[in-house]
Amino acid sequence: MNVIEIKDLQFSYDEHQPVLKGLSLTVKEGEFLAVIGRNASGKSTLARLINGLISPLSGEITVLNIDARKKENLYEIRKNVGIVFQNPDNQMVASIVEDDVVFGPENLGIPREEIGERLEFSLKETGTAEFRESMASKLSGGQKQRVAIAGILAIKPKILILDESTSMLDPRGREEVMSVVKKLNRKEKMTVITITHYMDEVVDCDRVAVLNDGVIVKTGTPKEIFSDEKLLEATGMEPPVSMKISLALNKLGVNTPLTLDKQTLLNELLKLTKKPE
Amino acid sequence: MDIFCKDLYYQYNKNTEFVSYALNGVSLTIKEGEFFGIIGHTGSGKSTFIQHLNGLIPVEQGILTVGDYDLSKTDVKKSKKEKKQLKDNLKNLRRSVGMVFQYPEYQLFAETVFDDVSFGIKNFMPNLSPEEVRILTKNAIETVGLDYEKIKDKSPFELSGGQKRRVAIAGVIASRPSILILDEPCAGLDPTGKTALWNLLHSLHERVIKTIIVVSHDMNDVASNCTSVAVFNRGKVIKTGTPKELFSDSAFISDCGLEVPVTAYLTENLKNVGIKIDSDYTINRFAESFANYLKNTEKADL
């Protein structure tokens, strides 16, 4: 089943500079999709259109079979699409972690007992229970982003969008956030769309969509996308580091397949060094 | 200008119950001419340290000299004249030590790119003629790889993310600092923008800026670009050396909450099975060294 269907979407913030120029994309239920593309290619605009923060000039966009262009549907859509933004400091509404997490369900008028259950579930899933009574401002960036995800989980959305949510974090913080998200995707079958500039984060996704100049120019598995040198060059993308190394080796006449991650690359290199028997 | 510091301490929330040591005895020397990397996980004191280097945070305890400027804490009472002298010195220091913060594009404020880039020059050198200001501004904008005529009258807010960041850097280098410090200069940039920014920093380093200091979380970038690196952990510099020296000890790097670059990971694991690949951990050198290894073993087999 498709949870998001977008057809010929057009959008612009001012009439001289169209941002999306007929974008089409479908997202399947339970999928882990990465959206990559240059700065200002329209990635964040796409995220905002999906949960109705902005509405398109023309084209169709349905989320869970609901028309996202209609104002009366926005409440239902936002209950089902949560976005984690770039800057963790911009999305904390309460000073104590627990209060921040229950802000969403409280506003939706969820009964008290159920809010309690949702709070426990969200804290547990994101590994934030240990600082439930802490001041949100005292947490590290990675912890704050996990609290932000907990707040979204408490609304029980079907779709989670990460809009460069890890770009302000250090490597460890980034890993914390991504492992929580991967778990939610696998265990809870939550559909995840991640918008990112970290090519190493894209490697584990089911599918990658490349956004360039307001349209999706290609979708495919990470391997398909990163093996397409012409596409990468035309869209300003680069392969992950491990693949850069295998490309450099190929150029020197070392025949090794293009690998996306360091473990696989290591195994390939070890194969090369083994003497034929 | 060399940077020298010894036993630098700094506390946040001093005299309250939330007191915490951000710097816990930092000792470090950065020689003129280096492309210096500062690494360490969040909260290790990197940002607090670099803010000491141009006097944004006054030294609380310890010795710090930047070239001829002594920023160390002294207990001697100063006369009015000395205080004025100190203030002038600080202004000169800030001109010599340019600071580019994280997401510097958020600090753009003027109506045109020209006004934004020339703001620093006008403040640091109030006696310049408008023509001299124009020349310095034009120079700075062109140095960061932007087209002066096309961009000077534009609003900084119309530009793309990568362009905005270049404009912000132009504003800092316009007053010709000899040391340029950048805090996570590539955060949030797309891959092309990132590569272009590293290339820009190298070209600045070759032509106009003597010393470049970069705080970065990306060990692959640090391995490929820096000549020396300092590792911060719990408010201290616990190791300095070339990227090669630091990253060959993956257990140590991992203890600091960091990860070694992919090239170092491969080198170490190959070494564990008796394959010695010697390189400086840049991608090209690693690939060359590995290709040579294969060639040599083939020859040996023949």
# chains A, B, ... in the order shown; residues from 1 in each chain; ligands from 1
call {"tool": "interface_residues", "arguments": {"of": "chain A", "to": "chain B", "cutoff": "7 Å", "atoms": "only C-alpha atoms", "output": "PDB file with C-alpha atoms, in the first residue's frame"}}
result
ATOM      1  CA  ARG A  38      21.551  19.964  -3.211  1.00  0.00           C
ATOM      2  CA  ASN A  39      20.945  22.769  -0.733  1.00  0.00           C
ATOM      3  CA  ALA A  40      17.809  24.608  -1.904  1.00  0.00           C
ATOM      4  CA  SER A 167      23.076  17.683  10.878  1.00  0.00           C
ATOM      5  CA  MET A 168      23.805  19.569  14.102  1.00  0.00           C
ATOM      6  CA  ASP A 170      28.242  14.872  16.587  1.00  0.00           C
ATOM      7  CA  PRO A 171      28.875  11.339  15.250  1.00  0.00           C
ATOM      8  CA  ARG A 172      27.709   9.663  18.443  1.00  0.00           C
ATOM      9  CA  HIS A 197      23.298  15.389   3.387  1.00  0.00           C
ATOM     10  CA  GLY A 236      25.938  17.554  -6.932  1.00  0.00           C
ATOM     11  CA  MET A 237      25.932  14.379  -4.826  1.00  0.00           C
ATOM     12  CA  GLU A 238      28.907  12.282  -3.811  1.00  0.00           C
ATOM     13  CA  SER A 242      33.822   3.619   1.362  1.00  0.00           C
ATOM     14  CA  ILE A 245      37.863   4.459  -1.763  1.00  0.00           C
ATOM     15  CA  ALA A 248      40.020   5.350  -6.258  1.00  0.00           C
ATOM     16  CA  LEU A 249      41.208   1.716  -6.254  1.00  0.00           C
ATOM     17  CA  LEU A 252      44.538   2.453 -10.130  1.00  0.00           C
ATOM     18  CA  VAL A 254      42.615  -2.648  -8.641  1.00  0.00           C
ATOM     19  CA  LYS A 262      33.457  -0.146   5.378  1.00  0.00           C
ATOM     20  CA  LEU A 266      37.342  -4.563   4.078  1.00  0.00           C
ATOM     21  CA  THR A 273      45.141 -10.077  -0.824  1.00  0.00           C
TER      22      THR A 273
END
call {"tool": "select_by_dssp", "arguments": {"residues": "range 29-216 of chain A", "states": "alpha helix (DSSP H)", "output": "MDAnalysis selection string"}}
result
chainID A and resid 43:50 74:80 97:107 112:126 141:153 171:187 199:202
call {"tool": "select_by_dssp", "arguments": {"residues": "range 10-162 of chain B", "states": "strand (DSSP E or B)", "output": "PyMOL selection string"}}
result
chain B and resi 10-12+20-30+35-39+61-66+69-70+97-100
call {"tool": "write_last_selection", "arguments": {"atoms": "C-alpha atoms", "output": "PDB file, in the first residue's frame"}}
result
ATOM      1  CA  TYR B  10      37.255  27.905  32.499  1.00  0.00           C
ATOM      2  CA  GLN B  11      34.037  27.380  34.437  1.00  0.00           C
ATOM      3  CA  TYR B  12      30.460  27.952  33.331  1.00  0.00           C
ATOM      4  CA  SER B  20      30.841  22.952  35.422  1.00  0.00           C
ATOM      5  CA  TYR B  21      34.411  22.974  34.139  1.00  0.00           C
ATOM      6  CA  ALA B  22      34.377  23.562  30.397  1.00  0.00           C
ATOM      7  CA  LEU B  23      38.171  23.755  30.267  1.00  0.00           C
ATOM      8  CA  ASN B  24      40.077  21.657  32.711  1.00  0.00           C
ATOM      9  CA  GLY B  25      43.709  22.569  32.138  1.00  0.00           C
ATOM     10  CA  VAL B  26      44.190  22.925  28.391  1.00  0.00           C
ATOM     11  CA  SER B  27      47.801  23.073  27.197  1.00  0.00           C
ATOM     12  CA  LEU B  28      48.391  23.399  23.477  1.00  0.00           C
ATOM     13  CA  THR B  29      50.697  25.017  20.923  1.00  0.00           C
ATOM     14  CA  ILE B  30      49.549  25.823  17.404  1.00  0.00           C
ATOM     15  CA  PHE B  35      46.053  23.654   8.931  1.00  0.00           C
ATOM     16  CA  PHE B  36      45.027  22.595  12.388  1.00  0.00           C
ATOM     17  CA  GLY B  37      42.120  20.306  13.249  1.00  0.00           C
ATOM     18  CA  ILE B  38      40.334  20.272  16.609  1.00  0.00           C
ATOM     19  CA  ILE B  39      38.276  17.169  17.335  1.00  0.00           C
ATOM     20  CA  GLN B  61      43.038  30.966  34.858  1.00  0.00           C
ATOM     21  CA  GLY B  62      46.145  29.992  32.933  1.00  0.00           C
ATOM     22  CA  ILE B  63      48.483  31.324  30.263  1.00  0.00           C
ATOM     23  CA  LEU B  64      47.448  32.195  26.716  1.00  0.00           C
ATOM     24  CA  THR B  65      49.453  34.063  24.107  1.00  0.00           C
ATOM     25  CA  VAL B  66      48.495  34.630  20.495  1.00  0.00           C
ATOM     26  CA  TYR B  69      49.234  39.378  22.471  1.00  0.00           C
ATOM     27  CA  ASP B  70      49.258  38.107  26.003  1.00  0.00           C
ATOM     28  CA  VAL B  97      42.171  36.268  14.509  1.00  0.00           C
ATOM     29  CA  GLY B  98      39.059  35.841  12.368  1.00  0.00           C
ATOM     30  CA  MET B  99      36.301  33.654  13.770  1.00  0.00           C
ATOM     31  CA  VAL B 100      33.648  31.878  11.696  1.00  0.00           C
TER      32      VAL B 100
END
